[in-house]
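Asks: upload_12.cif is reproduced below (mmCIF, C-alpha atoms and all ligand atoms).
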```cif
data_coords
#
loop_
_atom_site.label_atom_id
_atom_site.label_comp_id
_atom_site.auth_asym_id
_atom_site.auth_seq_id
_atom_site.Cartn_x
_atom_site.Cartn_y
_atom_site.Cartn_z
CA MET A 1 0.68 37.68 1.69
CA SER A 2 0.91 38.20 -2.04
CA ILE A 3 -0.47 34.78 -2.87
CA LYS A 4 -1.60 34.12 -6.43
CA VAL A 5 -1.86 30.34 -6.51
CA ILE A 6 -3.09 28.02 -3.78
CA ALA A 7 -1.99 24.41 -4.24
CA PHE A 8 -3.64 21.53 -2.45
CA ASP A 9 -2.22 18.12 -1.71
CA ALA A 10 -4.82 15.44 -2.57
CA ASP A 11 -4.49 12.29 -0.43
CA ASP A 12 -5.61 12.91 3.17
CA THR A 13 -5.96 16.63 2.42
CA LEU A 14 -8.88 16.65 -0.05
CA TRP A 15 -9.99 13.05 0.45
CA VAL A 16 -9.47 9.96 2.60
CA ASN A 17 -6.49 7.81 1.56
CA GLU A 18 -4.26 6.43 4.30
CA PRO A 19 -7.04 4.48 6.12
CA TYR A 20 -7.62 2.46 2.92
CA PHE A 21 -3.92 1.59 2.75
CA ARG A 22 -3.97 0.63 6.45
CA ARG A 23 -6.95 -1.63 5.93
CA THR A 24 -5.25 -3.33 2.97
CA GLU A 25 -2.10 -3.83 5.07
CA GLU A 26 -4.17 -5.49 7.80
CA GLU A 27 -5.60 -7.89 5.21
CA PHE A 28 -2.10 -8.56 3.92
CA TYR A 29 -0.83 -9.37 7.45
CA LYS A 30 -3.74 -11.79 7.88
CA LEU A 31 -2.80 -13.60 4.66
CA LEU A 32 0.75 -14.10 5.97
CA ASN A 33 0.19 -14.58 9.68
CA GLU A 34 1.21 -18.23 9.59
CA PHE A 35 4.64 -17.21 8.31
CA LEU A 36 5.57 -14.18 10.45
CA GLN A 37 4.15 -12.04 13.23
CA GLN A 38 2.49 -8.77 12.33
CA HIS A 39 5.13 -6.42 13.76
CA ALA A 40 7.88 -8.19 11.82
CA LEU A 41 5.77 -8.13 8.65
CA GLU A 42 5.11 -4.41 9.14
CA ARG A 43 8.81 -3.74 9.38
CA GLU A 44 9.64 -5.85 6.32
CA LEU A 45 6.87 -4.30 4.21
CA LEU A 46 7.88 -0.73 5.08
CA LYS A 47 11.54 -1.49 4.33
CA THR A 48 10.59 -3.01 0.97
CA GLU A 49 8.29 -0.10 0.07
CA ILE A 50 10.91 2.53 0.86
CA GLY A 51 13.57 0.57 -1.04
CA ASN A 52 11.27 0.41 -4.06
CA LEU A 53 10.21 4.08 -4.13
CA LYS A 54 13.05 5.04 -6.42
CA LEU A 55 12.07 2.25 -8.83
CA TYR A 56 8.27 2.44 -8.80
CA GLY A 57 7.46 5.82 -7.26
CA TYR A 58 4.46 6.34 -4.96
CA GLY A 59 1.05 4.79 -5.35
CA VAL A 60 -0.93 1.59 -5.38
CA LYS A 61 0.92 -0.29 -8.15
CA GLY A 62 4.26 0.00 -6.36
CA PHE A 63 2.54 -0.95 -3.12
CA ILE A 64 1.16 -4.16 -4.69
CA LEU A 65 4.60 -5.12 -5.98
CA SER A 66 6.11 -4.40 -2.56
CA MET A 67 3.53 -6.61 -0.83
CA ILE A 68 4.33 -9.46 -3.24
CA GLU A 69 8.08 -8.98 -2.76
CA THR A 70 7.63 -8.97 1.03
CA ALA A 71 5.56 -12.16 0.84
CA LEU A 72 8.31 -13.85 -1.19
CA THR A 73 11.02 -12.68 1.20
CA VAL A 74 9.35 -13.72 4.45
CA THR A 75 8.40 -17.17 3.10
CA ASN A 76 11.77 -17.84 1.43
CA ASN A 77 9.99 -17.93 -1.92
CA THR A 78 7.55 -20.61 -0.80
CA ILE A 79 4.42 -18.42 -0.80
CA PRO A 80 1.57 -20.29 -2.53
CA ALA A 81 0.60 -18.75 -5.87
CA GLU A 82 -2.96 -18.54 -4.58
CA ILE A 83 -1.89 -16.07 -1.88
CA ILE A 84 -0.07 -13.96 -4.48
CA GLY A 85 -3.38 -13.86 -6.37
CA GLN A 86 -5.11 -12.67 -3.21
CA ILE A 87 -2.50 -9.93 -2.71
CA ILE A 88 -3.09 -8.72 -6.27
CA ASN A 89 -6.82 -8.65 -5.58
CA LEU A 90 -6.26 -6.62 -2.40
CA GLY A 91 -4.40 -4.07 -4.51
CA LYS A 92 -7.10 -3.98 -7.17
CA ALA A 93 -9.73 -3.43 -4.49
CA LEU A 94 -7.65 -0.52 -3.19
CA LEU A 95 -7.77 1.06 -6.66
CA ASP A 96 -11.53 0.77 -6.58
CA GLU A 97 -12.18 2.42 -3.20
CA PRO A 98 -14.75 5.21 -3.16
CA ILE A 99 -13.65 8.83 -2.88
CA GLU A 100 -14.67 10.29 0.44
CA LEU A 101 -14.11 14.03 0.61
CA LEU A 102 -12.78 15.38 3.88
CA ASP A 103 -14.94 17.72 5.91
CA GLY A 104 -14.99 21.34 4.69
CA VAL A 105 -13.06 20.72 1.46
CA GLU A 106 -15.77 21.67 -0.99
CA GLU A 107 -16.70 24.77 1.02
CA VAL A 108 -13.06 25.93 1.03
CA LEU A 109 -12.55 25.33 -2.70
CA SER A 110 -15.70 27.18 -3.67
CA GLY A 111 -14.81 30.01 -1.29
CA LEU A 112 -11.35 30.47 -2.82
CA LYS A 113 -11.81 29.76 -6.51
CA GLU A 114 -12.91 33.27 -7.52
CA ARG A 115 -9.91 34.91 -5.84
CA TYR A 116 -7.06 32.51 -6.57
CA HIS A 117 -5.88 30.02 -9.10
CA LEU A 118 -6.31 26.66 -7.41
CA VAL A 119 -3.99 23.76 -8.16
CA VAL A 120 -3.70 20.12 -7.09
CA ALA A 121 -0.14 19.00 -6.35
CA THR A 122 0.00 15.30 -5.61
CA LYS A 123 2.23 12.29 -6.03
CA GLY A 124 1.24 8.70 -6.77
CA ASP A 125 0.25 6.77 -9.87
CA LEU A 126 -0.79 9.08 -12.70
CA LEU A 127 -3.78 7.00 -13.76
CA ASP A 128 -4.95 6.41 -10.20
CA GLN A 129 -4.76 10.08 -9.22
CA GLU A 130 -6.57 11.14 -12.40
CA ARG A 131 -9.28 8.59 -11.68
CA LYS A 132 -9.63 9.78 -8.07
CA LEU A 133 -9.86 13.41 -9.11
CA LYS A 134 -12.56 12.59 -11.64
CA LYS A 135 -14.49 10.52 -9.10
CA SER A 136 -14.18 13.31 -6.50
CA GLY A 137 -16.22 15.73 -8.60
CA LEU A 138 -13.70 18.47 -7.68
CA SER A 139 -11.92 18.84 -11.04
CA HIS A 140 -13.80 22.00 -12.01
CA TYR A 141 -12.30 23.95 -9.11
CA PHE A 142 -8.76 23.50 -10.39
CA HIS A 143 -6.80 25.51 -12.86
CA HIS A 144 -4.00 22.93 -13.05
CA ILE A 145 -3.25 19.40 -11.82
CA GLU A 146 0.37 18.50 -11.08
CA ILE A 147 1.17 14.83 -10.47
CA MET A 148 4.73 14.72 -9.20
CA SER A 149 7.08 11.75 -8.94
CA GLU A 150 8.54 13.23 -5.75
CA LYS A 151 7.52 16.29 -3.76
CA ASP A 152 10.91 17.91 -3.39
CA ASP A 153 12.33 21.42 -3.76
CA ALA A 154 13.25 20.92 -7.42
CA ASN A 155 9.79 19.72 -8.43
CA TYR A 156 8.04 22.56 -6.58
CA LEU A 157 10.35 25.00 -8.36
CA LYS A 158 9.33 23.41 -11.65
CA LEU A 159 5.67 23.82 -10.70
CA VAL A 160 6.17 27.49 -9.84
CA LYS A 161 7.90 28.03 -13.16
CA HIS A 162 5.14 26.22 -15.02
CA LEU A 163 2.52 28.40 -13.31
CA ASP A 164 4.57 31.48 -14.23
CA ILE A 165 4.65 32.83 -10.68
CA GLN A 166 7.35 33.61 -8.11
CA PRO A 167 7.89 31.08 -5.28
CA ASP A 168 6.54 33.59 -2.73
CA GLU A 169 3.26 33.75 -4.65
CA LEU A 170 2.57 30.07 -3.92
CA LEU A 171 0.66 28.80 -0.89
CA MET A 172 0.64 25.03 -0.42
CA ILE A 173 -1.85 23.24 1.80
CA GLY A 174 -1.36 19.63 2.87
CA ASN A 175 -1.20 16.98 5.56
CA SER A 176 2.45 15.96 5.17
CA LEU A 177 5.14 18.14 6.74
CA LYS A 178 7.76 16.26 4.75
CA SER A 179 6.15 16.46 1.30
CA ASP A 180 3.76 19.41 1.37
CA ILE A 181 5.34 21.86 3.79
CA MET A 182 9.15 21.65 4.11
CA PRO A 183 10.06 21.79 0.39
CA VAL A 184 7.65 24.68 -0.24
CA LEU A 185 9.13 26.70 2.65
CA ASN A 186 12.60 25.82 1.34
CA ILE A 187 11.90 27.47 -2.00
CA GLY A 188 10.38 30.58 -0.38
CA GLY A 189 6.68 29.76 -0.59
CA SER A 190 4.04 29.73 2.15
CA ALA A 191 2.59 26.54 3.59
CA ILE A 192 -0.32 25.55 5.78
CA HIS A 193 -0.32 22.19 7.50
CA VAL A 194 -3.68 20.47 8.05
CA PRO A 195 -2.75 17.29 9.93
CA TYR A 196 -4.68 14.12 9.25
CA HIS A 197 -5.18 11.66 12.11
CA ILE A 198 -2.93 9.02 10.56
CA THR A 199 0.27 9.45 8.56
CA TRP A 200 2.33 6.85 6.72
CA ALA A 201 5.58 6.14 8.60
CA HIS A 202 7.66 7.31 5.63
CA GLU A 203 6.01 10.77 5.72
CA GLN A 204 6.65 11.35 9.42
CA ILE A 205 9.30 13.83 10.52
CA GLU A 206 10.45 15.00 13.92
CA ASP A 207 11.40 18.58 13.04
CA THR A 208 9.64 21.55 14.53
CA ILE A 209 9.13 24.25 11.95
CA ASP A 210 9.90 27.84 12.80
CA ASN A 211 9.08 29.92 9.76
CA GLU A 212 6.89 32.99 9.44
CA LYS A 213 5.40 31.58 6.24
CA PHE A 214 4.17 28.46 8.02
CA GLU A 215 0.97 27.80 9.94
CA SER A 216 -0.65 24.68 11.27
CA ILE A 217 -4.42 24.52 11.55
CA VAL A 218 -6.94 21.98 12.78
CA SER A 219 -9.70 22.35 10.19
CA ILE A 220 -9.24 23.16 6.52
CA ARG A 221 -12.13 25.65 6.92
CA GLU A 222 -9.80 28.00 8.83
CA ILE A 223 -8.09 28.81 5.52
CA LEU A 224 -11.10 30.88 4.48
CA GLU A 225 -10.27 33.40 7.22
CA MET A 226 -6.54 33.37 6.58
CA VAL A 227 -6.18 34.34 2.92
MG MG B 301 -1.33 13.81 1.60
#
```
So, in terms of structure tokens, how does the structure I just supplied come out?
Ligand SMILES: [Mg+2]
Replies:
Amino acid sequence: MSIKVIAFDADDTLWVNEPYFRRTEEEFYKLLNEFLQQHALERELLKTEIGNLKLYGYGVKGFILSMIETALTVTNNTIPAEIIGQIINLGKALLDEPIELLDGVEEVLSGLKERYHLVVATKGDLLDQERKLKKSGLSHYFHHIEIMSEKDDANYLKLVKHLDIQPDELLMIGNSLKSDIMPVLNIGGSAIHVPYHITWAHEQIEDTIDNEKFESIVSIREILEMV
């Protein structure tokens, strides 16, 4: 490998994220359980979130708006204002969750930082991701932070150009096959998948990946022996 830059996804790669969203969803279902059963609410919320991605992008703010929209839809606009207030508070609490680094992350970053330029490539709300990075205490390991509206081929190409490297000099590490792995392989980069135990339904894909520039590992620590 002629890797110059190693890029890391943030949510559920560097730190815990999805479990906080799941917990907030559970609270949301409880608020609405007199109107609709949980499985139907889950379906409606996911549909609303995906429909809104192109308007709001990824992150907590869009998620809050999607919860409110779902509440309005499933109650035929009869949701009490008080419950809307509680939904907003659930979202604000989500923005205030602590940052819990995943096992091995700090060891890997300090082991790689002398040999490579390290980058964070994440999507989500700009302000929220900046806040999380600051809270994580990891900022000093990174040469560049890229907060992308969508993790697709075109945006990874833009990142490569910005970093002034060739696509095959990029190695991306992340928990989402759809966002962190496939587009990077598509542009000719290398990618290492570190699965997290839960994945948002919208990030799940069925494909099996057969590419010599792709590896899947169990612990992020394994990277130290691979590069
Ligand atoms: Mg992630």
Asks: Set the cut-off to 12 Å, count only C-alpha atoms and all ligand atoms, and list whatever residues fall near ligand MG 301 (chain B) as a ChimeraX atom specification.
Replies: /A:8-19,58-59,102,120-124,129,151,172-181,193-200,202-204
Asks: Hey, what's within 10 Å of His117 of chain A if we count only C-alpha atoms and toss same-chain stuff fewer than 3 positions away? As an NGL selection string, please?
Replies: :A and (3-7 or 112-114 or 141-144 or 163 or 170)
Asks: Show me the residues around (5.3, -7.3, 8.6) - criterion: an atom at most 9 Å away, only C-alpha atoms counted - as a list in words.
Replies: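 Within 9 Å of (5.3, -7.3, 8.6), the protein and nucleic acid residues are Glu25, Phe28, Tyr29, Leu32, Asn33, Leu36, Gln37, Gln38, His39, Ala40, Leu41, Glu42, Arg43, Glu44, Leu45, Leu46, Thr70 and Val74 of chain A.
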Asks: How far is it from atom CA of Thr208 of chain A to atom CA of Glu150 of chain A, in Å with one decimal?
Replies: 21.9 Å
Asks: Which residue, A:Val119, A:Leu109, A:Lys132, A:Thr75, has the smallest gap to Leu159 of chain A when you use all atoms listed in the file?
Replies: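 Smallest separation from Leu159 of chain A among the options: A:Val119.
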Asks: Taking only C-alpha atoms into account, name the residue in A:Met226, A:Val184, A:Ile217, A:Ala201 that is nearest to Ile50 of chain A.
Replies: A:Ala201
Asks: For atom CA of Val60 of chain A and atom CA of Glu97 of chain A, quote the distance in Å rounded to one decimal.
Replies: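 Rounded to one decimal, the two atoms are 11.5 Å apart.
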Asks: What separation in Å, quoted to one decimal, exists between atom CA of Ile165 of chain A and atom CA of Ser190 of chain A?
Replies: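 Between atom CA of Ile165 of chain A and atom CA of Ser190 of chain A the gap is 13.2 Å.
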Asks: Compile the contact shell of Leu31 of chain A as JSON, numbers by chain: residues with an atom at most 9 Å away, counting all atoms listed in the file, same-chain residues fewer than 5 positions apart removed.
Replies: {"A": [26, 83, 86, 87]}
Asks: Take the selection from the previous step and output its residues with C-alpha atoms, as an mmCIF file, in the coordinates of the input.
Replies:
```cif
data_model
loop_
_atom_site.group_PDB
_atom_site.id
_atom_site.type_symbol
_atom_site.label_atom_id
_atom_site.label_comp_id
_atom_site.auth_asym_id
_atom_site.auth_seq_id
_atom_site.Cartn_x
_atom_site.Cartn_y
_atom_site.Cartn_z
ATOM 1 C CA GLU A 26 -4.170 -5.490 7.800
ATOM 2 C CA ILE A 83 -1.890 -16.070 -1.880
ATOM 3 C CA GLN A 86 -5.110 -12.670 -3.210
ATOM 4 C CA ILE A 87 -2.500 -9.930 -2.710
#
```
Asks: Taking into account all atoms listed in the file, which residue in the set A:Ile187, A:Glu34, A:Ala154, A:Glu27 is nearest to Ile79 of chain A?
Replies: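 Of all the options, A:Glu34 lies closest to Ile79 of chain A.
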